[in-house]
Amino acid sequence: MHRLDKETSGLLLIAKKRAALVALQDQLRQRETGKTYAALVVGAWPVGRKVIDVALHKFLTAEGERRVHAVAEDADEGKRSITLVRVAQTFDRYTLLDVTIKTGRTHQIRVHLTHEGHPIVGDEKYGDFATNKALARGEAVPGVRFDRMFLHARRLRFTHPGTGDAIELVAPLPAECGALIHALARGAPP
């Protein structure tokens with residue numbers, strides 16, 4: 001019914017019947033579903049910053065790799081993209097965010113958060129590469145090696161296409177993400 005970036009963990013909804021697929025995709029297009037992601041970002045996210053409304057442009061690099069960057073609102077090649085952000089938990093040099101997308105652009109969350117100066121931990125395409133390396137080597141948070149992107153589709157809300165019931169699914173953080181949060185919450189120095 002929808003997609004996740006290869007590096008993103010969490011919920012992925014699959015329809016067994018074509019009619020269900022079409023109904024769920026219609027809900028998604030009409031923004032009647034709710035998808036919430038957990039993202040750990042570098043730095044202290046400003047609590048008052050709740051909406052990112054920045055156009056995005058998708059392009060291919062010379063090597064054929066798909067990339068996205070933020071562009072001016074009036075840029076011809078940009079598509080309006082809206083991301084809602086809420087601070088879930090703060091740590092010394094990181095912030096855990098709940099992120100909801102109102103538009104579904106390629107790499108939207110990753111590019112928006114990086115554009116705001118707070119890249120997602122472990123993001124190899126748009127991230128803070130020095131921080132990512134330090135985390136992967138276990139130097140940033142003593143006793144914890146973290147070598148993946150911390151973006152997790154944690155909640156999905158939709159209306160069941162057959163019964164009309166409101167459905168809300170929740171996926172707990174993967175073990176490695178939970179271990180990093182636990183270590184940060186203990187106050188391990190970054």
# chains A, B, ... in the order shown; residues from 1 in each chain; ligands from 1
$ residues_around --residues "Phe59 in chain A" --least-positions-apart "5" --cutoff "10 Å" --atoms "only C-alpha atoms" --output "JSON, numbers by chain"
{"A": [64, 65, 66, 67, 68, 69, 77]}
$ write_last_selection --atoms "C-alpha atoms" --output "CSV table (one decimal), in the first residue's frame"
chain,number,residue,atom,x,y,z
A,64,GLY,CA,22.5,7.4,-11.2
A,65,GLU,CA,21.8,7.6,-7.5
A,66,ARG,CA,18.4,9.1,-6.5
A,67,ARG,CA,18.8,12.2,-4.3
A,68,VAL,CA,16.6,14.9,-3.0
A,69,HIS,CA,17.3,18.4,-1.9
A,77,GLU,CA,11.3,21.8,-10.0
$ residues_around --residues "Asp92 in chain A" --least-positions-apart "3" --cutoff "12 Å" --atoms "only C-alpha atoms" --output "list in words"
Val41, Val42, Gly43, Ala44, Trp45, Gln89, Thr95, Leu96, Ala140, Val141, Ile181, Ala183, Leu184, Ala185, Arg186, Gly187, Ala188, Pro189 and Pro190 of chain A
$ residues_around --residues "range 105-108 of chain A" --least-positions-apart "6" --cutoff "9 Å" --atoms "only C-alpha atoms" --output "ChimeraX atom specification"
/A:5,56,58,67-68,79-83
$ select_by_dssp --residues "range 61-159 of chain A" --states "strand (DSSP E)" --output "PyMOL selection string"
chain A and resi 66-71+82-90+94-101+151-159
$ write_last_selection --atoms "N, CA and C atoms" --output "short mmCIF file (atom, residue, chain, number, x, y, z; two decimals), in the first residue's frame"
data_model
loop_
_atom_site.label_atom_id
_atom_site.label_comp_id
_atom_site.auth_asym_id
_atom_site.auth_seq_id
_atom_site.Cartn_x
_atom_site.Cartn_y
_atom_site.Cartn_z
N ARG A 66 19.55 8.18 -6.75
CA ARG A 66 18.42 9.08 -6.49
C ARG A 66 18.72 9.94 -5.27
N ARG A 67 18.60 11.24 -5.41
CA ARG A 67 18.83 12.17 -4.31
C ARG A 67 17.72 13.20 -4.30
N VAL A 68 17.59 13.88 -3.18
CA VAL A 68 16.57 14.90 -3.00
C VAL A 68 17.20 16.06 -2.26
N HIS A 69 16.81 17.29 -2.62
CA HIS A 69 17.25 18.44 -1.85
C HIS A 69 16.13 19.46 -1.74
N ALA A 70 16.23 20.29 -0.71
CA ALA A 70 15.25 21.34 -0.48
C ALA A 70 15.48 22.46 -1.48
N VAL A 71 14.37 23.05 -1.96
CA VAL A 71 14.46 24.15 -2.91
C VAL A 71 13.51 25.25 -2.46
N ILE A 82 5.24 18.73 3.34
CA ILE A 82 4.93 19.16 4.70
C ILE A 82 5.20 18.02 5.67
N THR A 83 5.97 18.33 6.71
CA THR A 83 6.31 17.37 7.76
C THR A 83 5.97 18.00 9.11
N LEU A 84 5.31 17.24 9.97
CA LEU A 84 4.98 17.69 11.32
C LEU A 84 5.94 17.02 12.30
N VAL A 85 6.44 17.80 13.26
CA VAL A 85 7.46 17.30 14.18
C VAL A 85 7.05 17.60 15.62
N ARG A 86 7.24 16.61 16.49
CA ARG A 86 7.00 16.79 17.92
C ARG A 86 8.16 16.16 18.69
N VAL A 87 8.67 16.88 19.66
CA VAL A 87 9.77 16.35 20.49
C VAL A 87 9.20 15.28 21.42
N ALA A 88 9.76 14.08 21.35
CA ALA A 88 9.35 12.98 22.22
C ALA A 88 10.24 12.89 23.45
N GLN A 89 11.56 13.11 23.25
CA GLN A 89 12.51 12.99 24.35
C GLN A 89 13.79 13.73 23.96
N THR A 90 14.39 14.38 24.95
CA THR A 90 15.64 15.09 24.68
C THR A 90 16.78 14.44 25.45
N TYR A 94 21.30 14.89 21.41
CA TYR A 94 20.39 14.27 20.47
C TYR A 94 18.95 14.56 20.89
N THR A 95 18.02 14.41 19.95
CA THR A 95 16.60 14.57 20.24
C THR A 95 15.83 13.45 19.54
N LEU A 96 14.94 12.80 20.29
CA LEU A 96 14.05 11.80 19.71
C LEU A 96 12.77 12.52 19.30
N LEU A 97 12.40 12.38 18.03
CA LEU A 97 11.24 13.07 17.49
C LEU A 97 10.15 12.09 17.06
N ASP A 98 8.90 12.53 17.18
CA ASP A 98 7.78 11.89 16.51
C ASP A 98 7.52 12.72 15.26
N VAL A 99 7.56 12.09 14.11
CA VAL A 99 7.45 12.79 12.84
C VAL A 99 6.27 12.22 12.06
N THR A 100 5.41 13.11 11.58
CA THR A 100 4.26 12.72 10.76
C THR A 100 4.37 13.45 9.44
N ILE A 101 4.19 12.72 8.36
CA ILE A 101 4.27 13.37 7.05
C ILE A 101 2.86 13.62 6.51
N LEU A 151 15.48 5.72 11.90
CA LEU A 151 14.17 6.15 11.40
C LEU A 151 13.29 4.92 11.40
N HIS A 152 12.18 5.00 12.15
CA HIS A 152 11.35 3.83 12.40
C HIS A 152 9.88 4.21 12.24
N ALA A 153 9.17 3.52 11.33
CA ALA A 153 7.72 3.73 11.16
C ALA A 153 7.03 3.05 12.33
N ARG A 154 6.71 3.83 13.35
CA ARG A 154 6.25 3.25 14.60
C ARG A 154 4.74 3.13 14.75
N ARG A 155 3.97 3.98 14.02
CA ARG A 155 2.52 3.94 14.17
C ARG A 155 1.86 4.15 12.82
N LEU A 156 0.78 3.40 12.58
CA LEU A 156 0.01 3.53 11.35
C LEU A 156 -1.47 3.43 11.72
N ARG A 157 -2.23 4.44 11.32
CA ARG A 157 -3.66 4.48 11.60
C ARG A 157 -4.42 4.57 10.27
N PHE A 158 -5.48 3.76 10.14
CA PHE A 158 -6.27 3.77 8.91
C PHE A 158 -7.64 3.16 9.19
N THR A 159 -8.54 3.29 8.24
CA THR A 159 -9.86 2.68 8.34
C THR A 159 -9.85 1.38 7.55
#
$ atom_distance --atom1 "CA of Leu113 in chain A" --atom2 "CA of Glu176 in chain A"
21.5 Å
$ closest_residue --among "A:His57, A:Lys35, A:Arg93, A:Lys6" --to "Glu73 in chain A" --atoms "only C-alpha atoms"
A:His57
$ closest_residue --among "A:Glu168, A:Ala39, A:Arg137, A:Arg29" --to "Arg110 in chain A" --atoms "only C-alpha atoms"
A:Ala39
$ closest_residue --among "A:Leu12, A:Ala136, A:Val54, A:Ala166" --to "Leu180 in chain A" --atoms "only C-alpha atoms"
A:Ala136
$ atom_distance --atom1 "CA of Phe91 in chain A" --atom2 "CA of Pro142 in chain A"
14.7 Å
$ closest_residue --among "A:Met149, A:Val144, A:Ala179, A:Leu21" --to "Lys125 in chain A" --atoms "only C-alpha atoms"
A:Met149
$ select_by_dssp --residues "range 7-189 of chain A" --states "helix (DSSP H, G or I)" --output "number ranges by chain"
A: 18-29, 108-115, 129-136, 175-185
$ closest_residue --among "A:Arg148, A:Asp76, A:Ala62, A:Lys102" --to "Pro174 in chain A" --atoms "only C-alpha atoms"
A:Arg148
$ atom_distance --atom1 "CA of Pro119 in chain A" --atom2 "CA of Thr36 in chain A"
17.5 Å
$ residues_around --residues "Leu173 in chain A" --least-positions-apart "2" --cutoff "8 Å" --atoms "only C-alpha atoms" --output "list in words"
Gly10, His152, Arg154, Ala171, Ala175, Cys177 and Gly178 of chain A
$ write_last_selection --atoms "N, CA and C atoms" --output "PDB file, in the first residue's frame"
ATOM      1  N   GLY A  10      10.197  -0.716  10.664  1.00  0.00           N
ATOM      2  CA  GLY A  10       8.849  -0.455  11.147  1.00  0.00           C
ATOM      3  C   GLY A  10       7.746  -1.031  10.297  1.00  0.00           C
ATOM      4  N   HIS A 152      12.182   5.000  12.152  1.00  0.00           N
ATOM      5  CA  HIS A 152      11.347   3.827  12.396  1.00  0.00           C
ATOM      6  C   HIS A 152       9.877   4.205  12.238  1.00  0.00           C
ATOM      7  N   ARG A 154       6.712   3.834  13.350  1.00  0.00           N
ATOM      8  CA  ARG A 154       6.249   3.248  14.604  1.00  0.00           C
ATOM      9  C   ARG A 154       4.736   3.135  14.747  1.00  0.00           C
ATOM     10  N   ALA A 171       4.458  -0.425  16.188  1.00  0.00           N
ATOM     11  CA  ALA A 171       5.627  -1.309  16.176  1.00  0.00           C
ATOM     12  C   ALA A 171       6.658  -0.760  17.150  1.00  0.00           C
ATOM     13  N   ALA A 175      15.576  -3.522  18.566  1.00  0.00           N
ATOM     14  CA  ALA A 175      16.442  -3.674  19.743  1.00  0.00           C
ATOM     15  C   ALA A 175      17.615  -2.697  19.739  1.00  0.00           C
ATOM     16  N   CYS A 177      17.897   0.222  18.289  1.00  0.00           N
ATOM     17  CA  CYS A 177      17.435   1.600  18.528  1.00  0.00           C
ATOM     18  C   CYS A 177      17.065   1.772  20.003  1.00  0.00           C
ATOM     19  N   GLY A 178      16.382   0.786  20.550  1.00  0.00           N
ATOM     20  CA  GLY A 178      16.024   0.828  21.964  1.00  0.00           C
ATOM     21  C   GLY A 178      17.250   0.882  22.862  1.00  0.00           C
TER      22      GLY A 178
END
